[in-house]
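Below: one structure, written as structure tokens.
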Amino acid sequence: MPELPEVEHVKRGLEPYIIGEKIISVHFSKTVEHSHSEGRQAILKGLELQTFCEKVKGYTINQIKRRSKYLLIELENGENSGFLLSHLGMSGAWFAVDSIDMITEGKFRNHVHVIFTFESGRLLIYSDIRRFGELRFLENLEDYPPIIAIGPEPFDENAEELFLAALNLPKFNQKPVKEVIMNHQVIAGCGNIYATEALFRSGIHPKRKVERMALSKRIGLFKQIVEVLQEGIDAGGSSISDYRNVNGEAGNMQDRLQMYGRKVCPACGSATKQAVIGGRNSHYCSACQR
Ligand SMILES: [Zn+2]
């Protein structure tokens with residue numbers, strides 16, 4: 001599942017290819033059309049396909065931003081503005097190409113669901129093998145409360161302060177720390193992979209209740225979250241499962257993960273343990289993480 005570093009990488013990869021491009025048409029796959037005709041909204045949420053096409057036609061892409069694991073593609077059309085909000089779900093991928101054939105991997109090429117055609121003739125393509133991804137058009141971000149509820153971006157100046165304040169809230173204080181740091185109201189974009197790594201690197205047991213963590217441990221954990229996310233961005237993301245960046249390349253963060261998916265602890269050689277915490281499987285070392 002793409003996490004913050006992967007989404008950041010997609011953003012950086014798309015930027016040089018789509019800024020300034022004007023959308024002239026949108027095409028959906030038969031699968032998406034069928035799903036919408038049956039009242040299910042595969043991939044495109046909140047609008048009818050036709051309405052979406054009419055809304056975005058004529059808009060120029062102004063900017064692309066990331067908020068947590070969402071891509072925000074800012075659109076402008078004279079006086080009007082709006083956003084394409086994209087969440088990659090489990091296996092979403094964006095490609096900026098001249099033709100579909102340029103998507104070399106069959107599993108992505110065969111699961112193309114949305115094609116934006118630009119005035120320049122270039123294409124912006126959304127592919128999604130498992131179709132858990134979401135695409136929306138919003139006139140205002142406030143129209144979509146989940147975006148507003150997201151906590152601080154880990155790299156923001158005041159992120160540590162807000163993170164520490166959130167940990168003190170009664171609703172988080174009593175919970176296992178891993179569940180809390182994966183909550184986007186506490187910190188944006190720290191999903192299972194990076195939460196697992198940050199806890200291992202800071203020597204904290206994933207089931208430890210927040211209230212039983214000293215302030216120094218909380219600060220240390222915050223620093224590890226930031227560091228591991230930065231490392232993920234620098235490595236081009238991790239290519240566990242079906243993530244690819246905009247050029248169809250896989251990142252190599254998976255080679256640097258010390259605890260996620262590991263059977264043996266790289267620090268002490270003990271067999272790792274697993275537990276489901278906050279609905280997600282967690283690897284940890286009971287000797288190194290307290
Ligand atoms: Zn260990």
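Identifiers in this document derive from the order of the structure tokens: chains are assigned A, B, ..., residues are numbered from 1 separately in each chain, and ligands are numbered from 1 in order of occurrence.
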
Please find the residues contacting ligand 1 at a distance of at most 6 Å between atoms, with only C-alpha atoms and all ligand atoms counted, and report them as a PyMOL selection string.
chain A and resi 265+267-268+270+285+287-288

Could you find all residues in stretch 143-266 of chain A that DSSP calls helix (DSSP H, G or I) from the backbone, and write them as a ChimeraX atom specification?
/A:143,145-148,159-167,170-173,177-181,192-201,210-212,215-234,253-256

Neighbouring residues of A:Ile18 were defined as those with any atom within 8 Å, considering only C-alpha atoms; residues of the same chain fewer than 2 positions away were excluded. Please report them as number ranges by chain.
A: 14-16, 20-21, 61, 96, 124

How would the residues just picked look written out with N, CA and C atoms as a tab-separated table (two decimals), in the first residue's frame?
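Generated output (part.tsv):
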```tsv
chain	number	residue	atom	x	y	z
A	14	LEU	N	5.25	13.43	-11.06
A	14	LEU	CA	4.24	13.99	-11.97
A	14	LEU	C	4.49	15.45	-12.28
A	15	GLU	N	4.96	16.18	-11.27
A	15	GLU	CA	5.12	17.65	-11.37
A	15	GLU	C	5.64	18.14	-12.73
A	16	PRO	N	6.81	17.69	-13.16
A	16	PRO	CA	7.36	18.26	-14.39
A	16	PRO	C	6.54	17.94	-15.64
A	20	GLY	N	0.70	23.02	-15.89
A	20	GLY	CA	0.47	23.86	-17.08
A	20	GLY	C	-0.32	23.15	-18.18
A	21	GLU	N	-0.59	21.87	-17.99
A	21	GLU	CA	-1.35	21.13	-19.02
A	21	GLU	C	-2.85	21.39	-18.86
A	61	ILE	N	-3.90	22.46	-15.09
A	61	ILE	CA	-3.27	22.02	-13.84
A	61	ILE	C	-2.23	23.06	-13.41
A	96	ALA	N	2.30	9.64	-16.59
A	96	ALA	CA	2.21	10.76	-17.54
A	96	ALA	C	2.96	10.31	-18.78
A	124	LEU	N	-2.57	11.76	-19.03
A	124	LEU	CA	-2.35	11.49	-17.61
A	124	LEU	C	-3.24	10.29	-17.28
```

Contact residues around A:Ile277 with only C-alpha atoms at 10 Å, ignoring same-chain residues under 6 positions, as JSON, numbers by chain
{"A": [176, 177, 178, 179, 180, 192, 206, 207, 283]}

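In this comparison, which uses only C-alpha atoms, the residue of A:Ser68, A:Ser99, A:Gln41, A:Ser91 approaching A:Glu8 most closely is A:Ser68.
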
Excluding A:Ala149 and residues on its chain fewer than 4 positions from it, collect all residues at most 12 Å away from it, counting only C-alpha atoms, and give them as a PyMOL selection string.
chain A and resi 67-68+141-145+153+183-188

Determine the nearest neighbour of A:Asp255 from the options A:Asn77, A:Gly237, A:Lys57, A:Thr272, counting only C-alpha atoms.
A:Gly237

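For A:Glu134, the residues within 7 Å (counting only C-alpha atoms, excluding itself and residues fewer than 4 positions away along the chain) are Ile43, Leu44, Lys45, Ser86, His87, Leu88 and Gly89 of chain A.
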
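Comparing A:Pro170, A:Thr60, A:Trp94, A:Lys175 by their smallest distance to A:Ser81, the closest is A:Thr60 (using only C-alpha atoms).
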
Pick out the residues sitting within 9 Å of A:Asn80, and hand them over as a list in words; count only C-alpha atoms, and ignore anything fewer than 5 positions along from it in its own chain.
Tyr59, Leu75 and Glu139 of chain A

Could the residues in this selection be saved with N, CA and C atoms as a tab-separated table (two decimals), in the first residue's frame?
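The resulting file, out.tsv, is shown below:
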```tsv
chain	number	residue	atom	x	y	z
A	59	TYR	N	-10.04	22.80	-17.62
A	59	TYR	CA	-9.20	23.23	-16.51
A	59	TYR	C	-7.71	22.99	-16.81
A	75	LEU	N	-6.48	22.76	-9.84
A	75	LEU	CA	-6.94	23.10	-11.19
A	75	LEU	C	-7.43	24.55	-11.23
A	139	GLU	N	-14.53	21.42	-5.37
A	139	GLU	CA	-14.34	22.86	-5.59
A	139	GLU	C	-13.59	23.47	-4.41
```

Rows by chain and residue number, stretch 71-187 of chain A within 12 Å of stretch 53-56 of chain A, shortest pair, only C-alpha atoms, as JSON lines:
```
{"residue": "A:Ile73", "atom": "CA", "partner": "A:Val56", "partner_atom": "CA", "distance": 11.4}
{"residue": "A:Glu74", "atom": "CA", "partner": "A:Val56", "partner_atom": "CA", "distance": 11.0}
{"residue": "A:Leu75", "atom": "CA", "partner": "A:Val56", "partner_atom": "CA", "distance": 8.1}
{"residue": "A:Glu76", "atom": "CA", "partner": "A:Val56", "partner_atom": "CA", "distance": 9.3}
{"residue": "A:Asn77", "atom": "CA", "partner": "A:Val56", "partner_atom": "CA", "distance": 9.0}
{"residue": "A:Asn80", "atom": "CA", "partner": "A:Lys55", "partner_atom": "CA", "distance": 10.5}
{"residue": "A:Ser81", "atom": "CA", "partner": "A:Val56", "partner_atom": "CA", "distance": 9.8}
{"residue": "A:Gly82", "atom": "CA", "partner": "A:Val56", "partner_atom": "CA", "distance": 8.5}
{"residue": "A:Phe83", "atom": "CA", "partner": "A:Val56", "partner_atom": "CA", "distance": 9.2}
{"residue": "A:Leu84", "atom": "CA", "partner": "A:Val56", "partner_atom": "CA", "distance": 8.7}
{"residue": "A:Val114", "atom": "CA", "partner": "A:Cys53", "partner_atom": "CA", "distance": 10.8}
{"residue": "A:Ile115", "atom": "CA", "partner": "A:Cys53", "partner_atom": "CA", "distance": 10.8}
{"residue": "A:Phe116", "atom": "CA", "partner": "A:Cys53", "partner_atom": "CA", "distance": 9.4}
{"residue": "A:Thr117", "atom": "CA", "partner": "A:Val56", "partner_atom": "CA", "distance": 11.1}
{"residue": "A:Phe118", "atom": "CA", "partner": "A:Val56", "partner_atom": "CA", "distance": 11.3}
{"residue": "A:Arg136", "atom": "CA", "partner": "A:Val56", "partner_atom": "CA", "distance": 10.6}
{"residue": "A:Phe137", "atom": "CA", "partner": "A:Val56", "partner_atom": "CA", "distance": 7.8}
{"residue": "A:Leu138", "atom": "CA", "partner": "A:Lys55", "partner_atom": "CA", "distance": 9.7}
{"residue": "A:Glu139", "atom": "CA", "partner": "A:Lys55", "partner_atom": "CA", "distance": 9.7}
```

Write to file, as a compact mmCIF listing (two decimals), in the first residue's frame, the residues of the selection just made, with all heavy atoms.
```
# COMPACT_ATOMS: atom_id res chain seq x y z
N ILE A 73 -4.29 17.72 -6.87
CA ILE A 73 -3.93 18.34 -8.14
C ILE A 73 -4.79 19.59 -8.27
O ILE A 73 -6.02 19.50 -8.38
CB ILE A 73 -4.15 17.36 -9.32
CG1 ILE A 73 -3.28 16.11 -9.11
CG2 ILE A 73 -3.82 18.05 -10.65
CD1 ILE A 73 -3.49 15.02 -10.15
N GLU A 74 -4.14 20.75 -8.18
CA GLU A 74 -4.88 22.02 -8.20
C GLU A 74 -5.20 22.43 -9.62
O GLU A 74 -4.31 22.47 -10.47
CB GLU A 74 -4.04 23.12 -7.56
CG GLU A 74 -4.15 23.13 -6.06
CD GLU A 74 -3.46 24.36 -5.48
OE1 GLU A 74 -3.42 25.43 -6.14
OE2 GLU A 74 -2.93 24.22 -4.37
N LEU A 75 -6.48 22.76 -9.84
CA LEU A 75 -6.94 23.10 -11.19
C LEU A 75 -7.43 24.55 -11.23
O LEU A 75 -7.95 25.06 -10.24
CB LEU A 75 -8.11 22.19 -11.58
CG LEU A 75 -7.88 20.68 -11.51
CD1 LEU A 75 -9.18 19.95 -11.77
CD2 LEU A 75 -6.82 20.25 -12.51
N GLU A 76 -7.29 25.15 -12.40
CA GLU A 76 -7.76 26.52 -12.57
C GLU A 76 -8.36 26.69 -13.95
O GLU A 76 -7.83 26.13 -14.92
CB GLU A 76 -6.58 27.47 -12.39
CG GLU A 76 -7.00 28.87 -12.01
CD GLU A 76 -5.78 29.74 -11.77
OE1 GLU A 76 -5.08 30.06 -12.75
OE2 GLU A 76 -5.54 30.07 -10.60
N ASN A 77 -9.45 27.43 -13.99
CA ASN A 77 -10.11 27.70 -15.28
C ASN A 77 -10.69 29.10 -15.19
O ASN A 77 -11.80 29.30 -14.74
CB ASN A 77 -11.21 26.67 -15.53
CG ASN A 77 -11.82 26.82 -16.91
OD1 ASN A 77 -11.38 27.65 -17.70
ND2 ASN A 77 -12.83 26.02 -17.19
N ASN A 80 -12.52 30.16 -12.03
CA ASN A 80 -12.85 28.96 -11.24
C ASN A 80 -11.61 28.18 -10.86
O ASN A 80 -10.63 28.15 -11.59
CB ASN A 80 -13.77 28.05 -12.05
CG ASN A 80 -15.06 28.73 -12.41
OD1 ASN A 80 -15.64 29.45 -11.60
ND2 ASN A 80 -15.51 28.53 -13.63
N SER A 81 -11.72 27.53 -9.72
CA SER A 81 -10.61 26.66 -9.31
C SER A 81 -11.20 25.41 -8.67
O SER A 81 -12.37 25.36 -8.33
CB SER A 81 -9.69 27.38 -8.36
OG SER A 81 -10.41 27.78 -7.22
N GLY A 82 -10.39 24.42 -8.55
CA GLY A 82 -10.85 23.17 -7.95
C GLY A 82 -9.67 22.24 -7.72
O GLY A 82 -8.52 22.61 -7.98
N PHE A 83 -9.97 21.06 -7.24
CA PHE A 83 -8.93 20.08 -6.94
C PHE A 83 -9.33 18.71 -7.46
O PHE A 83 -10.49 18.32 -7.35
CB PHE A 83 -8.75 19.93 -5.43
CG PHE A 83 -8.26 21.16 -4.74
CD1 PHE A 83 -9.17 22.09 -4.27
CD2 PHE A 83 -6.90 21.39 -4.57
CE1 PHE A 83 -8.73 23.24 -3.63
CE2 PHE A 83 -6.46 22.53 -3.93
CZ PHE A 83 -7.37 23.46 -3.46
N LEU A 84 -8.36 18.00 -7.97
CA LEU A 84 -8.52 16.56 -8.14
C LEU A 84 -7.85 15.96 -6.92
O LEU A 84 -6.67 16.20 -6.67
CB LEU A 84 -7.80 16.06 -9.39
CG LEU A 84 -8.41 16.37 -10.74
CD1 LEU A 84 -7.47 15.89 -11.83
CD2 LEU A 84 -9.77 15.69 -10.86
N VAL A 114 -8.65 5.49 -15.69
CA VAL A 114 -9.00 6.87 -16.01
C VAL A 114 -7.90 7.45 -16.91
O VAL A 114 -6.70 7.28 -16.61
CB VAL A 114 -9.12 7.76 -14.75
CG1 VAL A 114 -9.75 9.11 -15.11
CG2 VAL A 114 -9.94 7.08 -13.66
N ILE A 115 -8.31 8.07 -17.99
CA ILE A 115 -7.34 8.72 -18.88
C ILE A 115 -7.74 10.18 -19.08
O ILE A 115 -8.83 10.47 -19.59
CB ILE A 115 -7.28 8.04 -20.27
CG1 ILE A 115 -6.95 6.55 -20.11
CG2 ILE A 115 -6.25 8.73 -21.17
CD1 ILE A 115 -7.02 5.77 -21.42
N PHE A 116 -6.88 11.08 -18.66
CA PHE A 116 -7.07 12.51 -18.95
C PHE A 116 -6.27 12.82 -20.20
O PHE A 116 -5.07 12.52 -20.25
CB PHE A 116 -6.53 13.37 -17.80
CG PHE A 116 -7.28 13.22 -16.52
CD1 PHE A 116 -6.94 12.21 -15.61
CD2 PHE A 116 -8.33 14.07 -16.19
CE1 PHE A 116 -7.63 12.07 -14.41
CE2 PHE A 116 -9.02 13.94 -15.00
CZ PHE A 116 -8.68 12.94 -14.11
N THR A 117 -6.91 13.41 -21.19
CA THR A 117 -6.17 13.84 -22.37
C THR A 117 -5.95 15.34 -22.28
O THR A 117 -6.88 16.10 -21.99
CB THR A 117 -6.96 13.50 -23.66
OG1 THR A 117 -7.21 12.10 -23.66
CG2 THR A 117 -6.16 13.86 -24.91
N PHE A 118 -4.69 15.73 -22.48
CA PHE A 118 -4.35 17.15 -22.42
C PHE A 118 -4.39 17.75 -23.82
O PHE A 118 -4.26 17.04 -24.83
CB PHE A 118 -2.94 17.33 -21.84
CG PHE A 118 -2.81 16.91 -20.39
CD1 PHE A 118 -1.72 16.15 -19.97
CD2 PHE A 118 -3.76 17.30 -19.44
CE1 PHE A 118 -1.59 15.77 -18.63
CE2 PHE A 118 -3.62 16.92 -18.11
CZ PHE A 118 -2.54 16.16 -17.70
N ARG A 136 -11.55 12.15 -6.71
CA ARG A 136 -12.67 13.08 -6.52
C ARG A 136 -12.37 14.42 -7.16
O ARG A 136 -11.21 14.81 -7.24
CB ARG A 136 -12.90 13.37 -5.02
CG ARG A 136 -13.42 12.23 -4.25
CD ARG A 136 -13.36 12.51 -2.74
NE ARG A 136 -13.51 11.25 -2.04
CZ ARG A 136 -14.68 10.71 -1.70
NH1 ARG A 136 -15.80 11.36 -1.95
NH2 ARG A 136 -14.74 9.54 -1.12
N PHE A 137 -13.40 15.13 -7.54
CA PHE A 137 -13.25 16.54 -7.91
C PHE A 137 -13.90 17.36 -6.81
O PHE A 137 -15.06 17.11 -6.45
CB PHE A 137 -13.92 16.84 -9.25
CG PHE A 137 -13.90 18.31 -9.59
CD1 PHE A 137 -12.75 18.89 -10.11
CD2 PHE A 137 -15.01 19.12 -9.36
CE1 PHE A 137 -12.72 20.25 -10.40
CE2 PHE A 137 -14.98 20.48 -9.65
CZ PHE A 137 -13.83 21.04 -10.17
N LEU A 138 -13.16 18.31 -6.28
CA LEU A 138 -13.69 19.17 -5.22
C LEU A 138 -13.50 20.62 -5.60
O LEU A 138 -12.43 21.00 -6.08
CB LEU A 138 -12.94 18.92 -3.90
CG LEU A 138 -12.94 17.50 -3.33
CD1 LEU A 138 -12.01 17.44 -2.14
CD2 LEU A 138 -14.35 17.09 -2.92
N GLU A 139 -14.53 21.42 -5.37
CA GLU A 139 -14.34 22.86 -5.59
C GLU A 139 -13.59 23.47 -4.41
O GLU A 139 -12.75 24.34 -4.59
CB GLU A 139 -15.69 23.54 -5.83
CG GLU A 139 -15.98 23.61 -7.34
CD GLU A 139 -17.44 23.56 -7.69
OE1 GLU A 139 -18.27 24.02 -6.89
OE2 GLU A 139 -17.74 23.05 -8.80
```

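With distances restricted to only C-alpha atoms, A:Gly58 is the closest residue to A:Ile24 from A:Gly58, A:Gly236, A:Gly261, A:Gly191.
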
Would you please give, as a PDB file with N, CA, C and O atoms, in the first residue's frame, all residues of stretch 253-287 of chain A that DSSP assigns to strand (DSSP E or B) based on the backbone?
```
ATOM      1  N   VAL A 264      13.604 -12.276  11.539  1.00  0.00           N
ATOM      2  CA  VAL A 264      14.678 -12.230  12.539  1.00  0.00           C
ATOM      3  C   VAL A 264      15.043 -10.771  12.811  1.00  0.00           C
ATOM      4  O   VAL A 264      15.150  -9.970  11.881  1.00  0.00           O
ATOM      5  N   ALA A 271      14.066 -14.263  17.070  1.00  0.00           N
ATOM      6  CA  ALA A 271      12.927 -14.363  16.146  1.00  0.00           C
ATOM      7  C   ALA A 271      11.980 -13.205  16.461  1.00  0.00           C
ATOM      8  O   ALA A 271      11.741 -12.903  17.631  1.00  0.00           O
ATOM      9  N   LYS A 273       8.312 -11.185  16.610  1.00  0.00           N
ATOM     10  CA  LYS A 273       6.937 -11.572  16.932  1.00  0.00           C
ATOM     11  C   LYS A 273       5.981 -10.783  16.049  1.00  0.00           C
ATOM     12  O   LYS A 273       6.363  -9.779  15.470  1.00  0.00           O
ATOM     13  N   GLN A 274       4.747 -11.276  16.006  1.00  0.00           N
ATOM     14  CA  GLN A 274       3.730 -10.570  15.232  1.00  0.00           C
ATOM     15  C   GLN A 274       2.463 -10.422  16.056  1.00  0.00           C
ATOM     16  O   GLN A 274       2.127 -11.308  16.837  1.00  0.00           O
ATOM     17  N   ALA A 275       1.801  -9.316  15.878  1.00  0.00           N
ATOM     18  CA  ALA A 275       0.506  -9.102  16.531  1.00  0.00           C
ATOM     19  C   ALA A 275      -0.312  -8.169  15.650  1.00  0.00           C
ATOM     20  O   ALA A 275       0.255  -7.375  14.895  1.00  0.00           O
ATOM     21  N   VAL A 276      -1.626  -8.299  15.753  1.00  0.00           N
ATOM     22  CA  VAL A 276      -2.486  -7.363  15.028  1.00  0.00           C
ATOM     23  C   VAL A 276      -2.808  -6.216  15.977  1.00  0.00           C
ATOM     24  O   VAL A 276      -3.351  -6.411  17.057  1.00  0.00           O
ATOM     25  N   ILE A 277      -2.408  -5.016  15.571  1.00  0.00           N
ATOM     26  CA  ILE A 277      -2.633  -3.824  16.394  1.00  0.00           C
ATOM     27  C   ILE A 277      -3.295  -2.772  15.513  1.00  0.00           C
ATOM     28  O   ILE A 277      -2.793  -2.468  14.438  1.00  0.00           O
ATOM     29  N   ARG A 280      -3.886  -3.801  11.915  1.00  0.00           N
ATOM     30  CA  ARG A 280      -2.792  -4.077  10.992  1.00  0.00           C
ATOM     31  C   ARG A 280      -1.785  -5.018  11.629  1.00  0.00           C
ATOM     32  O   ARG A 280      -1.484  -4.919  12.821  1.00  0.00           O
ATOM     33  N   ASN A 281      -1.242  -5.905  10.814  1.00  0.00           N
ATOM     34  CA  ASN A 281      -0.235  -6.833  11.319  1.00  0.00           C
ATOM     35  C   ASN A 281       1.058  -6.083  11.648  1.00  0.00           C
ATOM     36  O   ASN A 281       1.496  -5.231  10.890  1.00  0.00           O
ATOM     37  N   SER A 282       1.634  -6.426  12.804  1.00  0.00           N
ATOM     38  CA  SER A 282       2.817  -5.709  13.258  1.00  0.00           C
ATOM     39  C   SER A 282       3.926  -6.682  13.608  1.00  0.00           C
ATOM     40  O   SER A 282       3.728  -7.590  14.407  1.00  0.00           O
ATOM     41  N   HIS A 283       5.094  -6.483  13.037  1.00  0.00           N
ATOM     42  CA  HIS A 283       6.276  -7.227  13.459  1.00  0.00           C
ATOM     43  C   HIS A 283       6.997  -6.412  14.533  1.00  0.00           C
ATOM     44  O   HIS A 283       7.032  -5.193  14.452  1.00  0.00           O
ATOM     45  N   TYR A 284       7.546  -7.109  15.516  1.00  0.00           N
ATOM     46  CA  TYR A 284       8.374  -6.408  16.504  1.00  0.00           C
ATOM     47  C   TYR A 284       9.311  -7.399  17.165  1.00  0.00           C
ATOM     48  O   TYR A 284       9.157  -8.608  17.040  1.00  0.00           O
TER      49      TYR A 284
END
```

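Using only C-alpha atoms for every distance, the candidate list A:Val26, A:Asp128, A:Pro5, A:Leu169 yields A:Pro5 as the residue closest to A:Ile225.
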
Go through A:Ala166, A:Thr104, A:Leu229, A:Tyr70 one by one, measure the shortest atom-to-atom distance of each to A:Pro152 using only C-alpha atoms, and give the residue with the smallest value.
A:Ala166

Pairwise distance for atom CA of A:Glu3 and atom CA of A:Val228, rounded to one decimal in Å:
11.8 Å

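Between atom CA of A:Ile204 and atom CA of A:Ile233 lies a distance of 23.2 Å.
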